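Structure first, then comments.
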Amino acid sequence: MAGGKRVPHVDDNNGVKLRAYTGEDVIVTLEGTDRIFNFGYISIWCALALQDFGNAVIPADLNVPPYVASGNPFPIMPEFPNGKVLKEDRFHICWKVDEAAGTLRLRFEGTVKRDEYMSFGISGSQTGTSMPESDVIVAYIGKDGEAGAMDYYLQSRSQCVPTNGDGACPDVLMGSADAGATNDVTLLSSRVNRGITTIDVERPLAAIDAKDKAISLAPTYVSWAIGELNPEKRVSKHSLVPRGDVQVDFSQESSSCPRLALPAGDKDVTPWVIDDLTPKPAPEVITAHIGPSGGEQGYQGIAGQVGWGIAWYLNGLLVPELNVQRNNIYKFEIYGGNDNSTNLANFHPFYITSDSDGGYNQKTAKGKEAETIYAGPTGGELCDFTSMADPKDFDTFEKYAETLNKTCPPMLKPGILEWTVDPETPDVVYYQCYQHRYFGWKINVSGASQTAVSFALMVALLALAVFNQI
């Protein structure tokens with residue numbers, strides 16, 4: 001959505017998936033000083049697949065009456081300058097301190113399911129990580145899609161007893177035991193994108209009630225956990241906790257907030273095993289068609305990211321890893337569509353890139369500068385695979401492939417792409433769609449690079465020179 005802006009409306013729920021609409025009017029509200037004439041189009045955008053699912057141009061002479069409505073605009077998720085890996089590929093915490101406002105903003109990022117919580121906060125001990133007496137924030141998105149963030153005091157390693165506040169309880173349930181205990185956490189925003197749950201919250205730096213611990217701008221021992229919510233949307237016993245002491249220095253001016261690795265599909269789903277494709281150099285041809293992505297068993301499970309329903313098939317195989325050799329030429333026949341004037345959904349130029357997501361044409365100028373294109377883009381007339389079968393009904397790709405039908409126009413003319421694998425090509429590059437993200441997969445590049453060949457040649461010549469002097 002390069003240059004676009006997300007617009008809130010009445011059904012926004014912290015970025016959670018919207019409900020279905022049938023024959024209804026949907027009202028959206030522009031933020032702040034924005035006016036309809038500041039924009040050239042409005043679109044239906046899928047945040048999960050990062051795709052435009054339809055748009056309309058806004059005429060410059062459109063007569064639009066003003067509309068006034070209450071409610072908070074959809075929060076734009078800011079960048080956080082600091083971060084720490086709590087559990088690799090599972091849970092990251094990022095933060096931003098605003099001393100002038102007296103607040104700490106936290107971003108919870110985790111590969112968690114609906115009704116799984118992430119908790120993080122100040123340890124119950126000043127000399128190590130200890131769960132009892134910790135002051136933590138519990139953040140989650142429930143199965144109903146509702147996000148939550150609550151201030152908890154972990155009095156003991158037991159289930160919460162609401163009548164007296166014993167156990168792991170929200171502060172708001174401790175009113176009878178400790179007058180004035182409150183929820184001092186503000187939920188700012190939440191989303192689920194490509195299997196990663198992100199929740200932004202804010203809390204005061206100071207302790208507001210007796211169960212709170214002040215944030216010290218110095219190395220601080222912390223507690224964290226992942227677990228499931230009970231039916232009351234309170235924490236149950238954790239399934240994952242730290243093994244040892246964990247410290248966070250909230251006074252750091254800058255520390256990396258790394259990108260969380262993407263989950264490779266649902267744990268209960270086994271991705272299909274797709275054979276690698278190791279073609280011979282030209283004149284042998286590699287065909288590239290568009291076809292169904294295969295759901296969680298297919299592209300999502302293989303590549304570890306959610307596509308938008310279709311993906312590349314090379315020589316009839318769904319997103320195989322492609323193995324090539326440097327200093328060779330490889331020939332591709334592309335059947336991805338070449339008409340971008342009427343229907344971009346059928347326009348899939350094939351290209352080879354340094355970017356694992358693809359979709360060069362969607363990127364900002366800065367994003368384009370960061371990407372290297374090694375070959376393409378090339379279109380060709382559209383010839384695609386289709387299937388009416390549910391991929392979940394097949395435990396292997398070979399069985400699913402029997403349901404595929406190929407639809408091609410008469411007198412088909414493919415696009416031709418010839419790729420000379422440069423000696424300095426990296427060990428891993430990607431074949432993708434130039435127009436859309438998440439269509440392709442890896443190309444493994446092997447063979448000596450020009451640098452290695454030059455070094456080997458220099459050593460050989462040096463050895464020969466020494467031999468001649470003997």
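All residue names refer to the structure tokens as shown: chains lettered A, B, ... in order, residues numbered from 1 in each chain, ligands numbered from 1 in order.
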Which residues, written as a compact mmCIF listing (two decimals) with all heavy atoms, in the first residue's frame, have at least one atom at most 9 Å from segment 138-150 of chain A, with only C-alpha atoms counted and residues fewer than 6 positions away on the same chain left out?
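Once written, around-v5.txt looks like this:
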# COMPACT_ATOMS: atom_id res chain seq x y z
N ASN A 13 -11.66 -2.98 15.03
CA ASN A 13 -11.45 -3.54 16.36
C ASN A 13 -9.96 -3.80 16.53
O ASN A 13 -9.50 -4.94 16.53
CB ASN A 13 -12.26 -4.83 16.53
CG ASN A 13 -12.16 -5.39 17.95
OD1 ASN A 13 -11.74 -4.68 18.86
ND2 ASN A 13 -12.52 -6.64 18.11
N ASN A 14 -9.20 -2.72 16.64
CA ASN A 14 -7.76 -2.84 16.85
C ASN A 14 -7.07 -3.65 15.78
O ASN A 14 -6.14 -4.40 16.03
CB ASN A 14 -7.48 -3.44 18.23
CG ASN A 14 -7.94 -2.54 19.35
OD1 ASN A 14 -7.62 -1.36 19.35
ND2 ASN A 14 -8.70 -3.08 20.29
N VAL A 16 -8.17 -6.21 14.05
CA VAL A 16 -8.58 -7.60 13.90
C VAL A 16 -9.42 -7.77 12.63
O VAL A 16 -10.05 -6.82 12.16
CB VAL A 16 -9.39 -8.04 15.15
CG1 VAL A 16 -9.92 -9.45 15.00
CG2 VAL A 16 -8.53 -7.94 16.39
N LYS A 17 -9.39 -8.96 12.06
CA LYS A 17 -10.11 -9.24 10.82
C LYS A 17 -11.56 -8.77 10.88
O LYS A 17 -12.27 -9.01 11.86
CB LYS A 17 -10.07 -10.74 10.54
CG LYS A 17 -10.77 -11.17 9.27
CD LYS A 17 -10.66 -12.67 9.10
CE LYS A 17 -11.41 -13.13 7.85
NZ LYS A 17 -11.33 -14.60 7.68
N PHE A 108 4.44 -6.02 22.03
CA PHE A 108 4.51 -7.46 22.17
C PHE A 108 4.44 -8.07 20.78
O PHE A 108 3.47 -7.83 20.05
CB PHE A 108 3.35 -7.98 23.01
CG PHE A 108 3.37 -7.58 24.47
CD1 PHE A 108 3.17 -6.26 24.86
CD2 PHE A 108 3.58 -8.54 25.45
CE1 PHE A 108 3.18 -5.90 26.20
CE2 PHE A 108 3.59 -8.19 26.79
CZ PHE A 108 3.39 -6.86 27.17
N VAL A 112 1.94 -16.52 18.37
CA VAL A 112 0.95 -17.10 19.28
C VAL A 112 -0.38 -17.23 18.56
O VAL A 112 -0.66 -16.54 17.58
CB VAL A 112 0.78 -16.24 20.55
CG1 VAL A 112 2.07 -16.22 21.36
CG2 VAL A 112 0.37 -14.80 20.21
N LYS A 113 -1.21 -18.13 19.07
CA LYS A 113 -2.53 -18.36 18.50
C LYS A 113 -3.56 -17.46 19.19
O LYS A 113 -3.29 -16.84 20.21
CB LYS A 113 -2.92 -19.83 18.66
CG LYS A 113 -1.97 -20.81 17.99
CD LYS A 113 -2.40 -22.25 18.24
CE LYS A 113 -2.27 -22.62 19.71
NZ LYS A 113 -2.57 -24.05 19.95
N ARG A 114 -4.74 -17.43 18.62
CA ARG A 114 -5.85 -16.76 19.31
C ARG A 114 -6.07 -17.45 20.65
O ARG A 114 -6.00 -18.67 20.76
CB ARG A 114 -7.14 -16.85 18.47
CG ARG A 114 -7.07 -16.12 17.13
CD ARG A 114 -7.00 -14.61 17.32
NE ARG A 114 -6.88 -13.90 16.06
CZ ARG A 114 -7.89 -13.42 15.35
NH1 ARG A 114 -9.13 -13.64 15.76
NH2 ARG A 114 -7.68 -12.77 14.23
N ASP A 115 -6.34 -16.69 21.67
CA ASP A 115 -6.53 -17.15 23.04
C ASP A 115 -5.24 -17.62 23.69
O ASP A 115 -5.27 -18.27 24.73
CB ASP A 115 -7.59 -18.25 23.13
CG ASP A 115 -8.96 -17.71 23.46
OD1 ASP A 115 -9.11 -16.47 23.53
OD2 ASP A 115 -9.89 -18.50 23.64
N GLU A 116 -4.10 -17.28 23.10
CA GLU A 116 -2.81 -17.42 23.77
C GLU A 116 -2.36 -16.04 24.20
O GLU A 116 -2.45 -15.08 23.44
CB GLU A 116 -1.76 -18.03 22.85
CG GLU A 116 -1.59 -19.52 23.01
CD GLU A 116 -0.33 -20.03 22.31
OE1 GLU A 116 0.03 -19.49 21.25
OE2 GLU A 116 0.28 -20.98 22.82
N TYR A 117 -1.87 -15.92 25.43
CA TYR A 117 -1.42 -14.63 25.93
C TYR A 117 0.10 -14.53 25.91
O TYR A 117 0.82 -15.54 25.92
CB TYR A 117 -1.94 -14.38 27.35
CG TYR A 117 -1.36 -15.30 28.40
CD1 TYR A 117 -0.12 -15.06 28.98
CD2 TYR A 117 -2.05 -16.44 28.81
CE1 TYR A 117 0.42 -15.90 29.93
CE2 TYR A 117 -1.51 -17.30 29.76
CZ TYR A 117 -0.27 -17.01 30.32
OH TYR A 117 0.26 -17.87 31.27
N MET A 118 0.58 -13.30 25.86
CA MET A 118 1.98 -12.96 26.10
C MET A 118 2.02 -12.05 27.31
O MET A 118 1.24 -11.09 27.40
CB MET A 118 2.57 -12.24 24.88
CG MET A 118 2.56 -13.04 23.60
SD MET A 118 3.15 -12.08 22.15
CE MET A 118 1.67 -11.09 21.79
N SER A 119 2.89 -12.33 28.25
CA SER A 119 3.02 -11.47 29.43
C SER A 119 4.46 -11.01 29.58
O SER A 119 5.41 -11.74 29.26
CB SER A 119 2.57 -12.20 30.70
OG SER A 119 3.47 -13.22 31.06
N PHE A 120 4.61 -9.78 30.08
CA PHE A 120 5.94 -9.20 30.27
C PHE A 120 5.84 -8.11 31.32
O PHE A 120 4.88 -7.34 31.35
CB PHE A 120 6.46 -8.59 28.96
CG PHE A 120 7.75 -7.84 29.11
CD1 PHE A 120 8.97 -8.51 29.10
CD2 PHE A 120 7.75 -6.46 29.29
CE1 PHE A 120 10.17 -7.83 29.25
CE2 PHE A 120 8.94 -5.76 29.44
CZ PHE A 120 10.16 -6.45 29.42
N GLY A 121 6.84 -8.05 32.20
CA GLY A 121 6.86 -7.00 33.20
C GLY A 121 8.03 -7.11 34.15
O GLY A 121 9.00 -7.83 33.88
N PRO A 170 -5.52 -10.12 37.64
CA PRO A 170 -5.52 -8.72 37.20
C PRO A 170 -5.65 -7.80 38.40
O PRO A 170 -6.32 -8.13 39.39
CB PRO A 170 -6.76 -8.63 36.29
CG PRO A 170 -7.13 -10.04 35.96
CD PRO A 170 -6.68 -10.87 37.11
N ASP A 171 -5.02 -6.64 38.31
CA ASP A 171 -5.11 -5.70 39.43
C ASP A 171 -6.55 -5.34 39.77
O ASP A 171 -6.87 -5.11 40.94
CB ASP A 171 -4.33 -4.42 39.09
CG ASP A 171 -2.82 -4.60 39.22
OD1 ASP A 171 -2.37 -5.75 39.34
OD2 ASP A 171 -2.10 -3.58 39.19
N VAL A 172 -7.41 -5.28 38.76
CA VAL A 172 -8.79 -4.84 39.01
C VAL A 172 -9.56 -5.83 39.86
O VAL A 172 -10.61 -5.49 40.41
CB VAL A 172 -9.54 -4.61 37.68
CG1 VAL A 172 -8.96 -3.43 36.93
CG2 VAL A 172 -9.52 -5.87 36.81
N ASN A 183 -6.34 -1.06 36.65
CA ASN A 183 -5.66 -1.44 35.42
C ASN A 183 -5.01 -0.19 34.84
O ASN A 183 -5.69 0.69 34.31
CB ASN A 183 -6.66 -2.04 34.42
CG ASN A 183 -5.98 -2.43 33.12
OD1 ASN A 183 -4.81 -2.85 33.12
ND2 ASN A 183 -6.69 -2.29 32.02
N ASP A 184 -3.69 -0.12 34.92
CA ASP A 184 -2.97 1.08 34.48
C ASP A 184 -2.32 0.88 33.12
O ASP A 184 -1.34 1.56 32.79
CB ASP A 184 -1.91 1.42 35.53
CG ASP A 184 -2.50 1.68 36.89
OD1 ASP A 184 -3.49 2.45 36.96
OD2 ASP A 184 -2.01 1.12 37.88
N VAL A 185 -2.86 -0.03 32.34
CA VAL A 185 -2.35 -0.33 31.01
C VAL A 185 -3.36 0.14 29.97
O VAL A 185 -4.57 -0.13 30.11
CB VAL A 185 -2.07 -1.84 30.85
CG1 VAL A 185 -1.64 -2.15 29.42
CG2 VAL A 185 -1.02 -2.30 31.84
N THR A 186 -2.89 0.79 28.95
CA THR A 186 -3.73 1.24 27.85
C THR A 186 -3.40 0.44 26.59
O THR A 186 -2.23 0.41 26.17
CB THR A 186 -3.54 2.74 27.57
OG1 THR A 186 -3.85 3.48 28.74
CG2 THR A 186 -4.45 3.20 26.43
N LEU A 187 -4.39 -0.20 26.01
CA LEU A 187 -4.21 -0.90 24.74
C LEU A 187 -4.22 0.13 23.62
O LEU A 187 -5.18 0.88 23.46
CB LEU A 187 -5.33 -1.93 24.54
CG LEU A 187 -5.37 -2.64 23.18
CD1 LEU A 187 -4.14 -3.52 23.00
CD2 LEU A 187 -6.65 -3.46 23.05
N SER A 189 -3.01 -0.65 20.07
CA SER A 189 -3.35 -1.25 18.78
C SER A 189 -2.96 -2.71 18.79
O SER A 189 -2.19 -3.17 19.63
CB SER A 189 -2.64 -0.52 17.63
OG SER A 189 -1.23 -0.59 17.80
N SER A 190 -3.50 -3.44 17.81
CA SER A 190 -3.16 -4.87 17.68
C SER A 190 -3.39 -5.30 16.25
O SER A 190 -4.17 -4.68 15.51
CB SER A 190 -4.01 -5.71 18.62
OG SER A 190 -5.37 -5.69 18.23
N ARG A 191 -2.71 -6.37 15.86
CA ARG A 191 -2.91 -6.93 14.54
C ARG A 191 -2.31 -8.33 14.50
O ARG A 191 -1.47 -8.68 15.32
CB ARG A 191 -2.25 -6.07 13.46
CG ARG A 191 -0.73 -6.06 13.51
CD ARG A 191 -0.12 -5.20 12.42
NE ARG A 191 1.32 -5.16 12.51
CZ ARG A 191 2.09 -4.33 11.84
NH1 ARG A 191 1.55 -3.45 11.03
NH2 ARG A 191 3.41 -4.36 11.97
N VAL A 192 -2.77 -9.11 13.53
CA VAL A 192 -2.15 -10.39 13.21
C VAL A 192 -1.77 -10.34 11.75
O VAL A 192 -2.61 -10.13 10.88
CB VAL A 192 -3.11 -11.58 13.47
CG1 VAL A 192 -2.42 -12.89 13.12
CG2 VAL A 192 -3.56 -11.59 14.92
N THR A 197 1.50 -12.11 15.86
CA THR A 197 0.62 -11.23 16.62
C THR A 197 1.42 -10.07 17.18
O THR A 197 2.46 -10.27 17.81
CB THR A 197 -0.05 -12.00 17.76
OG1 THR A 197 -0.89 -13.03 17.22
CG2 THR A 197 -0.91 -11.07 18.62
N ILE A 199 0.97 -6.48 19.44
CA ILE A 199 0.09 -5.70 20.31
C ILE A 199 0.90 -4.58 20.94
O ILE A 199 1.95 -4.83 21.55
CB ILE A 199 -0.53 -6.58 21.42
CG1 ILE A 199 -1.35 -7.73 20.79
CG2 ILE A 199 -1.42 -5.75 22.34
CD1 ILE A 199 -1.87 -8.73 21.78
N ASP A 200 0.44 -3.34 20.78
CA ASP A 200 1.09 -2.18 21.37
C ASP A 200 0.30 -1.69 22.57
O ASP A 200 -0.94 -1.57 22.51
CB ASP A 200 1.18 -1.04 20.35
CG ASP A 200 2.19 -1.31 19.25
OD1 ASP A 200 2.83 -2.38 19.29
OD2 ASP A 200 2.32 -0.46 18.34
N VAL A 201 1.02 -1.40 23.67
CA VAL A 201 0.38 -0.94 24.90
C VAL A 201 1.20 0.21 25.47
O VAL A 201 2.33 0.47 25.06
CB VAL A 201 0.26 -2.07 25.95
CG1 VAL A 201 -0.49 -3.27 25.38
CG2 VAL A 201 1.64 -2.50 26.45
N LEU A 229 -5.36 -18.53 27.61
CA LEU A 229 -6.38 -17.88 28.42
C LEU A 229 -7.43 -18.91 28.83
O LEU A 229 -7.73 -19.84 28.09
CB LEU A 229 -7.06 -16.76 27.63
CG LEU A 229 -6.21 -15.57 27.22
CD1 LEU A 229 -7.01 -14.66 26.30
CD2 LEU A 229 -5.71 -14.79 28.43
N LYS A 233 -11.05 -15.34 30.16
CA LYS A 233 -10.00 -14.50 29.56
C LYS A 233 -9.00 -14.03 30.60
O LYS A 233 -8.46 -12.92 30.52
CB LYS A 233 -10.60 -13.32 28.79
CG LYS A 233 -11.30 -13.72 27.51
CD LYS A 233 -11.64 -12.52 26.65
CE LYS A 233 -12.26 -12.95 25.32
NZ LYS A 233 -12.59 -11.82 24.45
N ARG A 234 -8.73 -14.89 31.56
CA ARG A 234 -7.63 -14.68 32.50
C ARG A 234 -6.57 -15.74 32.23
O ARG A 234 -6.84 -16.77 31.62
CB ARG A 234 -8.12 -14.73 33.95
CG ARG A 234 -9.04 -13.58 34.30
CD ARG A 234 -9.20 -13.43 35.82
NE ARG A 234 -9.97 -14.51 36.39
CZ ARG A 234 -11.29 -14.50 36.55
NH1 ARG A 234 -11.99 -13.45 36.15
NH2 ARG A 234 -11.90 -15.52 37.09
N VAL A 235 -5.38 -15.49 32.72
CA VAL A 235 -4.27 -16.38 32.40
C VAL A 235 -4.45 -17.74 33.06
O VAL A 235 -4.92 -17.85 34.19
CB VAL A 235 -2.92 -15.76 32.82
CG1 VAL A 235 -2.67 -14.46 32.08
CG2 VAL A 235 -2.83 -15.56 34.32
- Selection: 12 Å around segment 400-409 of chain A, only C-alpha atoms, excl. self and same-chain fewer than 5 positions, as number ranges by chain: A: 272, 274, 289-295, 297-298, 313, 316-318, 335-337, 380-395, 414
- Query: Can you list, as JSON, numbers by chain, every protein, DNA or RNA residue that comes within 12 Å of Cys433 of chain A when you count only C-alpha atoms, leaving out same-chain residues fewer than 5 positions away?
  - Reply: {"A": [288, 289, 290, 307, 310, 311, 312, 313, 334, 335, 336, 337, 338, 344, 345, 346, 347, 348, 349, 350, 351, 352, 353, 355, 356, 357, 358, 359, 360, 361, 362, 373, 375, 376, 377, 378, 379, 438, 439, 440, 441]}
- Message: Need to verify the contact set: Ala207 of chain A, 12 Å, only C-alpha atoms, exclusion of same-chain residues closer than 3 positions in sequence. Can you return it as number ranges by chain?
- Response: A: 102-104, 122, 135, 151, 181-185, 203-204, 210-216
Could you turn the residues from that selection into a file that holds N, CA, C and O atoms, as an mmCIF file, in the first residue's frame?
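Written output follows (selection-v8.cif):
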data_model
loop_
_atom_site.group_PDB
_atom_site.id
_atom_site.type_symbol
_atom_site.label_atom_id
_atom_site.label_comp_id
_atom_site.auth_asym_id
_atom_site.auth_seq_id
_atom_site.Cartn_x
_atom_site.Cartn_y
_atom_site.Cartn_z
ATOM 1 N N GLY A 102 6.116 10.718 30.881
ATOM 2 C CA GLY A 102 6.078 9.779 31.993
ATOM 3 C C GLY A 102 5.496 8.434 31.614
ATOM 4 O O GLY A 102 4.821 7.798 32.433
ATOM 5 N N THR A 103 5.761 7.983 30.367
ATOM 6 C CA THR A 103 5.148 6.741 29.889
ATOM 7 C C THR A 103 6.181 5.807 29.269
ATOM 8 O O THR A 103 7.246 6.228 28.820
ATOM 9 N N LEU A 104 5.830 4.551 29.234
ATOM 10 C CA LEU A 104 6.602 3.513 28.553
ATOM 11 C C LEU A 104 5.668 2.820 27.572
ATOM 12 O O LEU A 104 4.620 2.283 27.976
ATOM 13 N N ILE A 122 7.938 -6.399 35.255
ATOM 14 C CA ILE A 122 9.025 -6.293 36.223
ATOM 15 C C ILE A 122 8.999 -7.499 37.154
ATOM 16 O O ILE A 122 7.966 -7.881 37.690
ATOM 17 N N ASP A 135 5.062 -7.676 38.526
ATOM 18 C CA ASP A 135 4.067 -6.747 37.977
ATOM 19 C C ASP A 135 4.185 -6.820 36.469
ATOM 20 O O ASP A 135 5.145 -6.315 35.889
ATOM 21 N N ASP A 151 -3.283 -5.181 33.390
ATOM 22 C CA ASP A 151 -2.262 -5.036 34.419
ATOM 23 C C ASP A 151 -2.447 -6.172 35.427
ATOM 24 O O ASP A 151 -3.512 -6.302 36.038
ATOM 25 N N ALA A 181 -6.418 -0.673 43.672
ATOM 26 C CA ALA A 181 -5.691 -1.362 42.606
ATOM 27 C C ALA A 181 -6.464 -1.217 41.302
ATOM 28 O O ALA A 181 -7.663 -1.486 41.241
ATOM 29 N N THR A 182 -5.780 -0.785 40.249
ATOM 30 C CA THR A 182 -6.449 -0.473 38.985
ATOM 31 C C THR A 182 -5.678 -1.061 37.809
ATOM 32 O O THR A 182 -4.526 -1.473 37.937
ATOM 33 N N ASN A 183 -6.336 -1.056 36.650
ATOM 34 C CA ASN A 183 -5.659 -1.439 35.418
ATOM 35 C C ASN A 183 -5.013 -0.187 34.838
ATOM 36 O O ASN A 183 -5.687 0.689 34.305
ATOM 37 N N ASP A 184 -3.695 -0.120 34.918
ATOM 38 C CA ASP A 184 -2.968 1.075 34.481
ATOM 39 C C ASP A 184 -2.315 0.881 33.124
ATOM 40 O O ASP A 184 -1.338 1.561 32.790
ATOM 41 N N VAL A 185 -2.864 -0.025 32.340
ATOM 42 C CA VAL A 185 -2.348 -0.328 31.015
ATOM 43 C C VAL A 185 -3.363 0.135 29.974
ATOM 44 O O VAL A 185 -4.568 -0.134 30.109
ATOM 45 N N ARG A 203 2.019 2.112 29.481
ATOM 46 C CA ARG A 203 1.840 2.151 30.925
ATOM 47 C C ARG A 203 2.648 3.313 31.485
ATOM 48 O O ARG A 203 3.615 3.782 30.868
ATOM 49 N N PRO A 204 2.293 3.801 32.693
ATOM 50 C CA PRO A 204 3.075 4.876 33.303
ATOM 51 C C PRO A 204 4.448 4.361 33.742
ATOM 52 O O PRO A 204 4.611 3.187 34.086
ATOM 53 N N ALA A 210 -0.543 0.135 44.777
ATOM 54 C CA ALA A 210 0.340 -0.676 45.618
ATOM 55 C C ALA A 210 0.860 -1.915 44.911
ATOM 56 O O ALA A 210 1.896 -2.474 45.307
ATOM 57 N N LYS A 211 0.187 -2.388 43.886
ATOM 58 C CA LYS A 211 0.598 -3.598 43.187
ATOM 59 C C LYS A 211 1.486 -3.306 41.971
ATOM 60 O O LYS A 211 1.940 -4.231 41.310
ATOM 61 N N ASP A 212 1.705 -2.045 41.678
ATOM 62 C CA ASP A 212 2.549 -1.675 40.546
ATOM 63 C C ASP A 212 4.007 -1.532 40.976
ATOM 64 O O ASP A 212 4.298 -1.211 42.137
ATOM 65 N N LYS A 213 4.902 -1.736 40.024
ATOM 66 C CA LYS A 213 6.317 -1.481 40.223
ATOM 67 C C LYS A 213 6.748 -0.399 39.234
ATOM 68 O O LYS A 213 6.417 -0.469 38.048
ATOM 69 N N ALA A 214 7.475 0.588 39.709
ATOM 70 C CA ALA A 214 7.935 1.672 38.848
ATOM 71 C C ALA A 214 8.969 1.149 37.856
ATOM 72 O O ALA A 214 9.711 0.210 38.133
ATOM 73 N N ILE A 215 8.993 1.776 36.673
ATOM 74 C CA ILE A 215 9.986 1.434 35.659
ATOM 75 C C ILE A 215 11.279 2.180 35.963
ATOM 76 O O ILE A 215 11.304 3.409 36.016
ATOM 77 N N SER A 216 12.351 1.436 36.172
ATOM 78 C CA SER A 216 13.655 2.023 36.438
ATOM 79 C C SER A 216 14.433 2.128 35.133
ATOM 80 O O SER A 216 14.528 1.146 34.389
#
- Message: DSSP on the backbone, helix (DSSP H, G or I) only: what residues of segment 162-383 of chain A does that give? Format it as a list of chain:residue names.
- Response: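 Checking each residue of segment 162-383 of chain A, the helix (DSSP H, G or I) ones are A:Asp171, A:Val172, A:Leu173, A:Met174, A:Tyr299, A:Gln300, A:Gly301, A:Ile302, A:Ala303, A:Leu344, A:Ala345, A:Asn346, A:Tyr360, A:Asn361, A:Gln362, A:Ala365, A:Lys366, A:Gly367, A:Lys368, A:Glu369.
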- Task: Determine, counting only C-alpha atoms, which protein, DNA and RNA residues have an atom within 7 Å of an atom of segment 236-246 of chain A; residues of the same chain fewer than 2 positions away are not included. Present the result as a ChimeraX atom specification.
- Result: /A:128-129,159,221-222,224-230,234,248
Same residues, N, CA and C atoms, saved as a PDB file, in the first residue's frame:
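Below you can see part39.pdb, which holds the result:
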ATOM      1  N   GLY A 128      17.028 -11.114  40.472  1.00  0.00           N
ATOM      2  CA  GLY A 128      16.888 -12.158  39.474  1.00  0.00           C
ATOM      3  C   GLY A 128      15.469 -12.196  38.927  1.00  0.00           C
ATOM      4  N   THR A 129      15.234 -13.085  37.977  1.00  0.00           N
ATOM      5  CA  THR A 129      13.896 -13.247  37.410  1.00  0.00           C
ATOM      6  C   THR A 129      13.091 -14.182  38.295  1.00  0.00           C
ATOM      7  N   GLN A 159      -3.685 -20.306  40.292  1.00  0.00           N
ATOM      8  CA  GLN A 159      -4.785 -19.698  39.560  1.00  0.00           C
ATOM      9  C   GLN A 159      -5.384 -18.556  40.357  1.00  0.00           C
ATOM     10  N   TYR A 221      15.621  -6.622  36.147  1.00  0.00           N
ATOM     11  CA  TYR A 221      15.196  -8.006  35.959  1.00  0.00           C
ATOM     12  C   TYR A 221      13.705  -8.036  35.611  1.00  0.00           C
ATOM     13  N   VAL A 222      13.361  -8.870  34.642  1.00  0.00           N
ATOM     14  CA  VAL A 222      11.978  -8.938  34.163  1.00  0.00           C
ATOM     15  C   VAL A 222      11.472 -10.375  34.194  1.00  0.00           C
ATOM     16  N   TRP A 224       8.568 -12.967  32.066  1.00  0.00           N
ATOM     17  CA  TRP A 224       7.730 -13.085  30.879  1.00  0.00           C
ATOM     18  C   TRP A 224       7.202 -14.511  30.783  1.00  0.00           C
ATOM     19  N   ALA A 225       6.144 -14.676  30.003  1.00  0.00           N
ATOM     20  CA  ALA A 225       5.550 -16.005  29.815  1.00  0.00           C
ATOM     21  C   ALA A 225       4.630 -15.993  28.607  1.00  0.00           C
ATOM     22  N   ILE A 226       4.366 -17.184  28.089  1.00  0.00           N
ATOM     23  CA  ILE A 226       3.330 -17.422  27.085  1.00  0.00           C
ATOM     24  C   ILE A 226       2.467 -18.559  27.591  1.00  0.00           C
ATOM     25  N   GLY A 227       1.166 -18.436  27.427  1.00  0.00           N
ATOM     26  CA  GLY A 227       0.247 -19.492  27.856  1.00  0.00           C
ATOM     27  C   GLY A 227      -1.126 -19.268  27.269  1.00  0.00           C
ATOM     28  N   GLU A 228      -2.088 -20.028  27.706  1.00  0.00           N
ATOM     29  CA  GLU A 228      -3.456 -19.932  27.192  1.00  0.00           C
ATOM     30  C   GLU A 228      -4.361 -19.206  28.161  1.00  0.00           C
ATOM     31  N   LEU A 229      -5.358 -18.525  27.607  1.00  0.00           N
ATOM     32  CA  LEU A 229      -6.382 -17.881  28.419  1.00  0.00           C
ATOM     33  C   LEU A 229      -7.425 -18.908  28.834  1.00  0.00           C
ATOM     34  N   ASN A 230      -7.984 -18.713  30.011  1.00  0.00           N
ATOM     35  CA  ASN A 230      -9.114 -19.560  30.419  1.00  0.00           C
ATOM     36  C   ASN A 230     -10.414 -18.954  29.891  1.00  0.00           C
ATOM     37  N   ARG A 234      -8.732 -14.892  31.564  1.00  0.00           N
ATOM     38  CA  ARG A 234      -7.631 -14.681  32.502  1.00  0.00           C
ATOM     39  C   ARG A 234      -6.571 -15.737  32.234  1.00  0.00           C
ATOM     40  N   VAL A 248      16.469  -6.352  31.202  1.00  0.00           N
ATOM     41  CA  VAL A 248      16.229  -5.362  30.152  1.00  0.00           C
ATOM     42  C   VAL A 248      16.702  -4.017  30.672  1.00  0.00           C
TER      43      VAL A 248
END
- Item | Among listed residues A:Tyr330, A:Trp419, A:Trp95, A:Phe39, nearest Ala282 of chain A (using only C-alpha atoms) | A:Tyr330
- Query: Which residues come within 7 Å of Ile196 of chain A, counting only C-alpha atoms, excluding same-chain residues fewer than 4 positions away, as a VMD selection string?
  - Reply: chain A and resid 109 to 111 192 262
- Message: With DSSP run on the backbone, what are the strand (DSSP E or B) residues within segment 194-369 of chain A? I'd like them as a PyMOL selection string.
- Response: chain A and resi 196-204+219-229+235-240+247-249+277+285-292+310-314+317-318+322-325+329-335+350-353+358
- Task: Skip Ser125 of chain A itself and residues of its chain fewer than 6 positions away, then list as a count of residues only all residues within 10 Å of it, counting only C-alpha atoms.
- Result: 8
